[in-house]
file query37.csv (CSV, N, CA and C atoms)
chain,number,residue,atom,x,y,z
E,17,MET,N,73.1,66.2,89.9
E,17,MET,CA,73.4,67.6,90.3
E,17,MET,C,74.1,67.6,91.6
E,18,PRO,N,75.2,68.4,91.7
E,18,PRO,CA,75.9,68.4,93.0
E,18,PRO,C,75.1,69.2,94.1
E,19,ALA,N,75.4,68.8,95.3
E,19,ALA,CA,74.7,69.4,96.4
E,19,ALA,C,75.4,70.8,96.7
E,20,ALA,N,74.8,71.6,97.5
E,20,ALA,CA,75.3,72.9,97.8
E,20,ALA,C,76.7,72.8,98.6
E,21,ASP,N,76.8,71.7,99.4
E,21,ASP,CA,78.0,71.5,100.2
E,21,ASP,C,79.2,71.3,99.2
E,22,ASP,N,78.9,70.6,98.1
E,22,ASP,CA,80.0,70.3,97.1
E,22,ASP,C,80.4,71.6,96.4
E,23,LEU,N,79.4,72.4,96.1
E,23,LEU,CA,79.7,73.7,95.3
E,23,LEU,C,80.4,74.7,96.2
E,24,PHE,N,80.2,74.7,97.5
E,24,PHE,CA,80.7,75.8,98.3
E,24,PHE,C,81.8,75.3,99.3
E,25,ARG,N,82.4,74.1,99.0
E,25,ARG,CA,83.4,73.6,99.9
E,25,ARG,C,84.7,74.3,99.6
E,26,PRO,N,85.6,74.3,100.6
E,26,PRO,CA,86.9,74.9,100.4
E,26,PRO,C,87.7,74.2,99.3
E,27,THR,N,88.4,74.9,98.5
E,27,THR,CA,89.1,74.2,97.4
E,27,THR,C,90.6,73.9,97.8
E,28,ALA,N,91.1,74.5,98.8
E,28,ALA,CA,92.4,74.2,99.3
E,28,ALA,C,92.3,73.8,100.8
E,29,GLU,N,93.2,72.9,101.2
E,29,GLU,CA,93.2,72.5,102.6
E,29,GLU,C,93.6,73.6,103.5
E,30,GLN,N,92.9,73.8,104.6
E,30,GLN,CA,93.2,74.8,105.5
E,30,GLN,C,94.4,74.4,106.4
E,31,PRO,N,95.4,75.2,106.6
E,31,PRO,CA,96.6,74.9,107.4
E,31,PRO,C,96.1,74.7,108.8
E,32,THR,N,96.7,73.7,109.5
E,32,THR,CA,96.3,73.4,110.9
E,32,THR,C,97.2,74.3,111.7
E,33,PRO,N,96.6,75.0,112.7
E,33,PRO,CA,97.4,75.8,113.6
E,33,PRO,C,98.4,75.0,114.4
E,34,PRO,N,99.6,75.6,114.6
E,34,PRO,CA,100.6,74.9,115.4
E,34,PRO,C,100.1,74.6,116.8
E,35,ALA,N,100.6,73.6,117.4
E,35,ALA,CA,100.2,73.2,118.8
E,35,ALA,C,100.7,74.3,119.7
E,36,VAL,N,100.0,74.7,120.7
E,36,VAL,CA,100.4,75.7,121.7
E,36,VAL,C,101.0,75.0,122.9
E,37,ALA,N,102.2,75.3,123.3
E,37,ALA,CA,102.8,74.7,124.4
E,37,ALA,C,102.1,75.2,125.7
E,38,ALA,N,101.9,74.3,126.6
E,38,ALA,CA,101.2,74.7,127.8
E,38,ALA,C,102.2,75.4,128.7
E,39,GLU,N,101.7,76.5,129.3
E,39,GLU,CA,102.5,77.3,130.2
E,39,GLU,C,102.4,76.7,131.6
E,40,PRO,N,103.5,76.8,132.3
E,40,PRO,CA,103.5,76.3,133.7
E,40,PRO,C,102.5,77.2,134.5
E,41,THR,N,101.9,76.6,135.5
E,41,THR,CA,100.9,77.4,136.3
E,41,THR,C,101.7,78.4,137.0
E,42,GLY,N,101.1,79.6,137.2
E,42,GLY,CA,101.7,80.7,137.9
E,42,GLY,C,102.6,81.6,137.0
E,43,ALA,N,102.7,81.2,135.7
E,43,ALA,CA,103.6,82.0,134.8
E,43,ALA,C,102.8,83.2,134.4
E,44,ALA,N,103.5,84.3,134.3
E,44,ALA,CA,102.9,85.6,134.0
E,44,ALA,C,102.5,85.6,132.6
E,45,GLN,N,101.3,86.0,132.3
E,45,GLN,CA,100.9,86.1,130.9
E,45,GLN,C,101.0,87.6,130.5
E,46,THR,N,101.6,87.8,129.3
E,46,THR,CA,101.7,89.1,128.8
E,46,THR,C,100.5,89.4,127.9
E,47,PRO,N,99.8,90.5,128.1
E,47,PRO,CA,98.7,90.8,127.3
E,47,PRO,C,99.2,91.2,125.9
E,48,ALA,N,98.3,90.9,124.9
E,48,ALA,CA,98.7,91.3,123.5
E,48,ALA,C,98.8,92.8,123.4
E,49,PRO,N,99.7,93.3,122.6
E,49,PRO,CA,99.8,94.8,122.5
E,49,PRO,C,98.5,95.3,121.8
E,50,GLY,N,98.1,96.5,122.3
E,50,GLY,CA,97.0,97.2,121.7
E,50,GLY,C,97.3,97.9,120.5
E,51,PRO,N,96.4,98.5,119.8
E,51,PRO,CA,96.7,99.2,118.5
E,51,PRO,C,97.7,100.3,118.7
E,52,ALA,N,97.8,101.0,119.8
E,52,ALA,CA,98.7,102.0,120.0
E,52,ALA,C,100.1,101.5,120.2
E,53,GLU,N,100.2,100.2,120.7
E,53,GLU,CA,101.5,99.7,121.1
E,53,GLU,C,102.2,98.9,119.9
E,54,THR,N,101.5,98.7,118.8
E,54,THR,CA,102.1,98.0,117.7
E,54,THR,C,103.1,98.9,117.0
E,55,ALA,N,104.2,98.3,116.6
E,55,ALA,CA,105.3,99.1,116.0
E,55,ALA,C,105.0,99.3,114.5
E,56,GLY,N,105.3,100.5,114.1
E,56,GLY,CA,105.2,100.9,112.7
E,56,GLY,C,103.8,101.3,112.3
E,57,PRO,N,103.7,101.8,111.1
E,57,PRO,CA,102.4,102.3,110.6
E,57,PRO,C,101.6,101.1,110.2
E,58,ARG,N,100.3,101.3,110.1
E,58,ARG,CA,99.3,100.3,109.7
E,58,ARG,C,99.6,99.9,108.2
E,59,LYS,N,99.6,98.6,108.0
E,59,LYS,CA,99.9,98.1,106.6
E,59,LYS,C,98.7,97.5,106.0
E,60,PRO,N,98.3,97.8,104.8
E,60,PRO,CA,97.2,97.1,104.2
E,60,PRO,C,97.5,95.7,103.9
E,61,SER,N,96.5,94.9,103.7
E,61,SER,CA,96.6,93.5,103.5
E,61,SER,C,97.3,93.1,102.1
E,62,GLY,N,97.2,94.0,101.2
E,62,GLY,CA,97.9,93.8,99.9
E,62,GLY,C,97.2,92.7,99.1
E,63,ARG,N,98.0,92.0,98.3
E,63,ARG,CA,97.4,91.0,97.4
E,63,ARG,C,97.3,89.6,98.0
E,64,VAL,N,96.3,89.4,98.8
E,64,VAL,CA,96.0,88.1,99.4
E,64,VAL,C,94.6,87.8,99.2
E,65,ARG,N,94.2,86.6,99.5
E,65,ARG,CA,92.8,86.2,99.5
E,65,ARG,C,92.1,86.8,100.7
E,66,HIS,N,91.0,87.6,100.4
E,66,HIS,CA,90.3,88.2,101.5
E,66,HIS,C,89.0,87.4,101.8
E,67,ASP,N,88.8,87.2,103.1
E,67,ASP,CA,87.6,86.4,103.5
E,67,ASP,C,86.4,87.3,103.8
E,68,GLU,N,86.7,88.5,104.0
E,68,GLU,CA,85.6,89.5,104.4
E,68,GLU,C,85.3,90.4,103.2
E,69,LYS,N,84.0,90.8,103.2
E,69,LYS,CA,83.7,91.7,102.1
E,69,LYS,C,82.8,92.8,102.6
E,70,MET,N,83.0,94.0,102.1
E,70,MET,CA,82.3,95.2,102.5
E,70,MET,C,81.9,95.9,101.2
E,71,THR,N,80.6,96.3,101.1
E,71,THR,CA,80.2,97.0,99.9
E,71,THR,C,80.1,98.5,100.2
E,72,VAL,N,80.7,99.3,99.4
E,72,VAL,CA,80.7,100.7,99.6
E,72,VAL,C,80.1,101.4,98.3
E,73,TYR,N,79.2,102.3,98.5
E,73,TYR,CA,78.6,103.0,97.3
E,73,TYR,C,79.4,104.3,97.2
E,74,VAL,N,79.8,104.6,95.9
E,74,VAL,CA,80.5,105.9,95.7
E,74,VAL,C,79.7,106.6,94.5
E,75,THR,N,80.0,107.8,94.4
E,75,THR,CA,79.4,108.6,93.3
E,75,THR,C,80.2,108.3,92.0
E,76,SER,N,79.6,108.6,90.9
E,76,SER,CA,80.3,108.4,89.6
E,76,SER,C,81.6,109.2,89.5
E,77,ALA,N,81.6,110.4,90.1
E,77,ALA,CA,82.8,111.2,90.1
E,77,ALA,C,83.9,110.5,91.0
E,78,GLU,N,83.5,109.9,92.1
E,78,GLU,CA,84.5,109.2,93.0
E,78,GLU,C,85.0,108.0,92.3
E,79,LEU,N,84.2,107.3,91.6
E,79,LEU,CA,84.6,106.1,90.9
E,79,LEU,C,85.5,106.5,89.7
E,80,LEU,N,85.2,107.5,89.0
E,80,LEU,CA,86.1,108.0,88.0
E,80,LEU,C,87.4,108.4,88.5
E,81,ALA,N,87.5,109.1,89.7
E,81,ALA,CA,88.7,109.5,90.3
E,81,ALA,C,89.6,108.3,90.7
E,82,ILE,N,88.9,107.2,91.2
E,82,ILE,CA,89.6,106.0,91.5
E,82,ILE,C,90.2,105.3,90.3
E,83,GLU,N,89.4,105.3,89.2
E,83,GLU,CA,89.9,104.7,87.9
E,83,GLU,C,91.1,105.5,87.4
E,84,GLN,N,91.0,106.8,87.4
E,84,GLN,CA,92.0,107.7,86.9
E,84,GLN,C,93.3,107.5,87.7
E,85,ALA,N,93.2,107.4,89.0
E,85,ALA,CA,94.4,107.2,89.9
E,85,ALA,C,95.0,105.8,89.5
E,86,ARG,N,94.1,104.8,89.3
E,86,ARG,CA,94.6,103.5,89.0
E,86,ARG,C,95.4,103.5,87.7
E,87,LEU,N,94.8,104.2,86.7
E,87,LEU,CA,95.5,104.3,85.4
E,87,LEU,C,96.8,105.1,85.4
E,88,ARG,N,96.8,106.1,86.2
E,88,ARG,CA,98.1,106.9,86.4
E,88,ARG,C,99.1,106.1,87.1
E,89,LEU,N,98.7,105.3,88.1
E,89,LEU,CA,99.7,104.4,88.8
E,89,LEU,C,100.3,103.5,87.8
E,90,ARG,N,99.5,103.0,86.9
E,90,ARG,CA,100.0,102.0,85.9
E,90,ARG,C,100.9,102.7,84.8
E,91,SER,N,100.4,103.8,84.3
E,91,SER,CA,101.2,104.5,83.2
E,91,SER,C,102.4,105.2,83.7
E,92,GLU,N,102.3,105.9,84.8
E,92,GLU,CA,103.5,106.7,85.3
E,92,GLU,C,104.4,105.9,86.2
E,93,HIS,N,103.9,104.9,86.9
E,93,HIS,CA,104.7,104.2,87.9
E,93,HIS,C,104.9,102.7,87.6
E,94,GLY,N,104.2,102.2,86.6
E,94,GLY,CA,104.3,100.8,86.3
E,94,GLY,C,103.6,99.8,87.3
E,95,LEU,N,102.7,100.3,88.0
E,95,LEU,CA,102.0,99.6,89.0
E,95,LEU,C,100.6,99.1,88.5
E,96,ALA,N,100.5,97.9,88.1
E,96,ALA,CA,99.2,97.3,87.6
E,96,ALA,C,98.4,96.8,88.8
E,97,ILE,N,97.6,97.6,89.4
E,97,ILE,CA,96.8,97.2,90.6
E,97,ILE,C,95.3,97.3,90.2
E,98,ASP,N,94.5,96.6,91.0
E,98,ASP,CA,93.1,96.7,90.8
E,98,ASP,C,92.5,97.8,91.7
E,99,ARG,N,91.2,98.1,91.5
E,99,ARG,CA,90.6,99.1,92.3
E,99,ARG,C,90.5,98.7,93.8
E,100,GLY,N,90.3,97.5,94.1
E,100,GLY,CA,90.2,97.0,95.5
E,100,GLY,C,91.6,97.2,96.2
E,101,ARG,N,92.7,96.9,95.5
E,101,ARG,CA,94.0,97.1,96.1
E,101,ARG,C,94.2,98.6,96.4
E,102,LEU,N,93.8,99.5,95.4
E,102,LEU,CA,94.0,100.9,95.6
E,102,LEU,C,93.2,101.4,96.8
E,103,VAL,N,92.0,101.0,96.9
E,103,VAL,CA,91.1,101.4,98.0
E,103,VAL,C,91.7,100.9,99.4
E,104,ARG,N,92.2,99.6,99.4
E,104,ARG,CA,92.8,99.1,100.6
E,104,ARG,C,94.0,99.8,101.0
E,105,GLU,N,94.8,100.2,100.1
E,105,GLU,CA,96.0,101.0,100.4
E,105,GLU,C,95.6,102.4,100.9
E,106,ALA,N,94.7,103.0,100.3
E,106,ALA,CA,94.2,104.3,100.8
E,106,ALA,C,93.6,104.2,102.1
E,107,LEU,N,92.8,103.2,102.4
E,107,LEU,CA,92.3,103.0,103.7
E,107,LEU,C,93.3,102.8,104.7
E,108,GLY,N,94.4,102.0,104.4
E,108,GLY,CA,95.5,101.8,105.3
E,108,GLY,C,96.2,103.1,105.7
E,109,LEU,N,96.4,104.0,104.7
E,109,LEU,CA,97.0,105.3,105.0
E,109,LEU,C,96.2,106.1,105.9
E,110,VAL,N,94.9,106.2,105.7
E,110,VAL,CA,94.0,107.0,106.5
E,110,VAL,C,93.9,106.5,107.9
E,111,LEU,N,93.7,105.1,108.0
E,111,LEU,CA,93.6,104.6,109.4
E,111,LEU,C,95.0,104.6,110.1
E,112,GLY,N,96.1,104.5,109.4
E,112,GLY,CA,97.4,104.7,110.1
E,112,GLY,C,97.6,106.1,110.6
E,113,ASP,N,97.2,107.1,109.8
E,113,ASP,CA,97.3,108.5,110.2
E,113,ASP,C,96.4,108.7,111.4
E,114,PHE,N,95.2,108.1,111.4
E,114,PHE,CA,94.3,108.3,112.6
E,114,PHE,C,94.9,107.6,113.8
E,115,GLU,N,95.5,106.4,113.7
E,115,GLU,CA,96.1,105.8,114.9
E,115,GLU,C,97.3,106.6,115.4
E,116,GLU,N,98.1,107.2,114.6
E,116,GLU,CA,99.2,107.9,115.0
E,116,GLU,C,98.9,109.3,115.6
E,117,ARG,N,97.9,110.0,114.9
E,117,ARG,CA,97.7,111.4,115.3
E,117,ARG,C,96.4,111.6,116.0
E,118,GLY,N,95.5,110.6,116.0
E,118,GLY,CA,94.2,110.8,116.7
E,118,GLY,C,93.4,111.9,116.3
E,119,GLY,N,93.0,112.8,117.2
E,119,GLY,CA,92.2,114.0,116.9
E,119,GLY,C,92.8,114.9,115.9
E,120,ALA,N,94.1,114.9,115.8
E,120,ALA,CA,94.8,115.8,114.8
E,120,ALA,C,94.9,115.2,113.4
E,121,SER,N,94.4,114.0,113.2
E,121,SER,CA,94.5,113.4,111.9
E,121,SER,C,93.6,114.0,110.9
E,122,ASP,N,94.0,113.8,109.6
E,122,ASP,CA,93.3,114.3,108.5
E,122,ASP,C,91.8,113.8,108.5
E,123,LEU,N,91.6,112.6,108.9
E,123,LEU,CA,90.3,112.0,108.9
E,123,LEU,C,89.4,112.7,109.8
E,124,VAL,N,89.8,113.0,111.1
E,124,VAL,CA,89.0,113.8,112.0
E,124,VAL,C,88.8,115.2,111.5
E,125,ALA,N,89.8,115.8,110.9
E,125,ALA,CA,89.6,117.2,110.4
E,125,ALA,C,88.5,117.2,109.3
E,126,ARG,N,88.6,116.2,108.4
E,126,ARG,CA,87.6,116.2,107.3
E,126,ARG,C,86.2,115.9,107.8
E,127,LEU,N,86.1,114.9,108.7
E,127,LEU,CA,84.8,114.6,109.2
E,127,LEU,C,84.2,115.7,110.1
E,128,THR,N,85.0,116.4,110.8
E,128,THR,CA,84.6,117.6,111.6
E,128,THR,C,84.0,118.7,110.7
E,129,VAL,N,84.7,118.9,109.6
E,129,VAL,CA,84.2,119.9,108.6
E,129,VAL,C,82.8,119.5,108.1
E,130,ASP,N,82.7,118.2,107.8
E,130,ASP,CA,81.4,117.7,107.2
E,130,ASP,C,80.3,117.8,108.2
E,131,GLN,N,80.6,117.8,109.5
E,131,GLN,CA,79.5,117.9,110.6
E,131,GLN,C,79.0,119.4,110.7
E,132,GLU,N,79.8,120.3,110.3
E,132,GLU,CA,79.5,121.7,110.5
E,132,GLU,C,78.5,122.2,109.5
call {"tool": "encode", "arguments": {"input": "query37.csv", "output": "structure tokens"}}
result
Amino acid sequence: MPAADDLFRPTAEQPTPPAVAAEPTGAAQTPAPGPAETAGPRKPSGRVRHDEKMTVYVTSAELLAIEQARLRLRSEHGLAIDRGRLVREALGLVLGDFEERGGASDLVARLTVDQE
């Protein structure tokens, strides 16, 4: 019987990161741009292998709405996507709007109404 390490080992070799060139001492280091400084709207990860997982519970009506949207995307637009991709795209849109508009975003408006 195989050991747990054999069952859960990576199946593909992990790429090795490129070597980082050493900066001369005294060189100015530029900080990485913050979320507000990145160019363009937030883009979802799309169809790639995802290493992180998050479980979200939805009502049966919400799940039905997701399925109906997925089927409409397929029948009306020829987009054969899974529910995860649909949710990641929607999440990317909402978070992008929040980054751009902040307190004026649709997310803040909807959450504020829920608090009242």
call {"tool": "closest_residue", "arguments": {"input": "query37.csv", "among": "E:Arg117, E:Glu78, E:Asp67, E:Leu111", "to": "E:Arg99", "atoms": "only C-alpha atoms"}}
result
E:Glu78
call {"tool": "atom_distance", "arguments": {"input": "query37.csv", "atom1": "atom C of E:Leu80", "atom2": "atom N of E:Ala96"}}
result
16.8 Å
call {"tool": "residues_around", "arguments": {"input": "query37.csv", "residues": "stretch 121-126 of chain E", "least_positions_apart": "6", "cutoff": "10 Å", "atoms": "only C-alpha atoms", "output": "list in words"}}
result
Val110, Leu111, Gly112, Asp113, Phe114 and Glu115 of chain E
call {"tool": "atom_distance", "arguments": {"input": "query37.csv", "atom1": "atom N of E:Met70", "atom2": "atom C of E:Gly100"}}
result
10.9 Å
call {"tool": "atom_distance", "arguments": {"input": "query37.csv", "atom1": "atom CA of E:Val129", "atom2": "atom N of E:Arg101"}}
result
27.8 Å
call {"tool": "build_atoms", "arguments": {"input": "query37.csv", "residues": "stretch 95-114 of chain E", "atoms": "N, CA, C and O atoms", "output": "PDB file, keeping the file's coordinate frame"}}
result
ATOM      1  N   LEU E  95     102.700 100.300  88.000  1.00  0.00           N
ATOM      2  CA  LEU E  95     102.000  99.600  89.000  1.00  0.00           C
ATOM      3  C   LEU E  95     100.600  99.100  88.500  1.00  0.00           C
ATOM      4  O   LEU E  95      99.687  99.915  88.425  1.00  0.00           O
ATOM      5  N   ALA E  96     100.500  97.900  88.100  1.00  0.00           N
ATOM      6  CA  ALA E  96      99.200  97.300  87.600  1.00  0.00           C
ATOM      7  C   ALA E  96      98.400  96.800  88.800  1.00  0.00           C
ATOM      8  O   ALA E  96      98.625  95.604  89.213  1.00  0.00           O
ATOM      9  N   ILE E  97      97.600  97.600  89.400  1.00  0.00           N
ATOM     10  CA  ILE E  97      96.800  97.200  90.600  1.00  0.00           C
ATOM     11  C   ILE E  97      95.300  97.300  90.200  1.00  0.00           C
ATOM     12  O   ILE E  97      94.948  98.056  89.315  1.00  0.00           O
ATOM     13  N   ASP E  98      94.500  96.600  91.000  1.00  0.00           N
ATOM     14  CA  ASP E  98      93.100  96.700  90.800  1.00  0.00           C
ATOM     15  C   ASP E  98      92.500  97.800  91.700  1.00  0.00           C
ATOM     16  O   ASP E  98      93.168  98.299  92.591  1.00  0.00           O
ATOM     17  N   ARG E  99      91.200  98.100  91.500  1.00  0.00           N
ATOM     18  CA  ARG E  99      90.600  99.100  92.300  1.00  0.00           C
ATOM     19  C   ARG E  99      90.500  98.700  93.800  1.00  0.00           C
ATOM     20  O   ARG E  99      90.729  99.589  94.683  1.00  0.00           O
ATOM     21  N   GLY E 100      90.300  97.500  94.100  1.00  0.00           N
ATOM     22  CA  GLY E 100      90.200  97.000  95.500  1.00  0.00           C
ATOM     23  C   GLY E 100      91.600  97.200  96.200  1.00  0.00           C
ATOM     24  O   GLY E 100      91.591  97.692  97.326  1.00  0.00           O
ATOM     25  N   ARG E 101      92.700  96.900  95.500  1.00  0.00           N
ATOM     26  CA  ARG E 101      94.000  97.100  96.100  1.00  0.00           C
ATOM     27  C   ARG E 101      94.200  98.600  96.400  1.00  0.00           C
ATOM     28  O   ARG E 101      94.741  99.027  97.413  1.00  0.00           O
ATOM     29  N   LEU E 102      93.800  99.500  95.400  1.00  0.00           N
ATOM     30  CA  LEU E 102      94.000 100.900  95.600  1.00  0.00           C
ATOM     31  C   LEU E 102      93.200 101.400  96.800  1.00  0.00           C
ATOM     32  O   LEU E 102      93.727 102.154  97.600  1.00  0.00           O
ATOM     33  N   VAL E 103      92.000 101.000  96.900  1.00  0.00           N
ATOM     34  CA  VAL E 103      91.100 101.400  98.000  1.00  0.00           C
ATOM     35  C   VAL E 103      91.700 100.900  99.400  1.00  0.00           C
ATOM     36  O   VAL E 103      91.734 101.586 100.353  1.00  0.00           O
ATOM     37  N   ARG E 104      92.200  99.600  99.400  1.00  0.00           N
ATOM     38  CA  ARG E 104      92.800  99.100 100.600  1.00  0.00           C
ATOM     39  C   ARG E 104      94.000  99.800 101.000  1.00  0.00           C
ATOM     40  O   ARG E 104      94.239 100.103 102.220  1.00  0.00           O
ATOM     41  N   GLU E 105      94.800 100.200 100.100  1.00  0.00           N
ATOM     42  CA  GLU E 105      96.000 101.000 100.400  1.00  0.00           C
ATOM     43  C   GLU E 105      95.600 102.400 100.900  1.00  0.00           C
ATOM     44  O   GLU E 105      96.223 102.852 101.905  1.00  0.00           O
ATOM     45  N   ALA E 106      94.700 103.000 100.300  1.00  0.00           N
ATOM     46  CA  ALA E 106      94.200 104.300 100.800  1.00  0.00           C
ATOM     47  C   ALA E 106      93.600 104.200 102.100  1.00  0.00           C
ATOM     48  O   ALA E 106      93.878 105.094 103.014  1.00  0.00           O
ATOM     49  N   LEU E 107      92.800 103.200 102.400  1.00  0.00           N
ATOM     50  CA  LEU E 107      92.300 103.000 103.700  1.00  0.00           C
ATOM     51  C   LEU E 107      93.300 102.800 104.700  1.00  0.00           C
ATOM     52  O   LEU E 107      93.270 103.308 105.857  1.00  0.00           O
ATOM     53  N   GLY E 108      94.400 102.000 104.400  1.00  0.00           N
ATOM     54  CA  GLY E 108      95.500 101.800 105.300  1.00  0.00           C
ATOM     55  C   GLY E 108      96.200 103.100 105.700  1.00  0.00           C
ATOM     56  O   GLY E 108      96.569 103.301 106.833  1.00  0.00           O
ATOM     57  N   LEU E 109      96.400 104.000 104.700  1.00  0.00           N
ATOM     58  CA  LEU E 109      97.000 105.300 105.000  1.00  0.00           C
ATOM     59  C   LEU E 109      96.200 106.100 105.900  1.00  0.00           C
ATOM     60  O   LEU E 109      96.675 106.699 106.860  1.00  0.00           O
ATOM     61  N   VAL E 110      94.900 106.200 105.700  1.00  0.00           N
ATOM     62  CA  VAL E 110      94.000 107.000 106.500  1.00  0.00           C
ATOM     63  C   VAL E 110      93.900 106.500 107.900  1.00  0.00           C
ATOM     64  O   VAL E 110      94.005 107.215 108.879  1.00  0.00           O
ATOM     65  N   LEU E 111      93.700 105.100 108.000  1.00  0.00           N
ATOM     66  CA  LEU E 111      93.600 104.600 109.400  1.00  0.00           C
ATOM     67  C   LEU E 111      95.000 104.600 110.100  1.00  0.00           C
ATOM     68  O   LEU E 111      94.978 104.837 111.355  1.00  0.00           O
ATOM     69  N   GLY E 112      96.100 104.500 109.400  1.00  0.00           N
ATOM     70  CA  GLY E 112      97.400 104.700 110.100  1.00  0.00           C
ATOM     71  C   GLY E 112      97.600 106.100 110.600  1.00  0.00           C
ATOM     72  O   GLY E 112      98.084 106.262 111.707  1.00  0.00           O
ATOM     73  N   ASP E 113      97.200 107.100 109.800  1.00  0.00           N
ATOM     74  CA  ASP E 113      97.300 108.500 110.200  1.00  0.00           C
ATOM     75  C   ASP E 113      96.400 108.700 111.400  1.00  0.00           C
ATOM     76  O   ASP E 113      96.810 109.373 112.392  1.00  0.00           O
ATOM     77  N   PHE E 114      95.200 108.100 111.400  1.00  0.00           N
ATOM     78  CA  PHE E 114      94.300 108.300 112.600  1.00  0.00           C
ATOM     79  C   PHE E 114      94.900 107.600 113.800  1.00  0.00           C
ATOM     80  O   PHE E 114      94.796 108.186 114.930  1.00  0.00           O
TER      81      PHE E 114
END
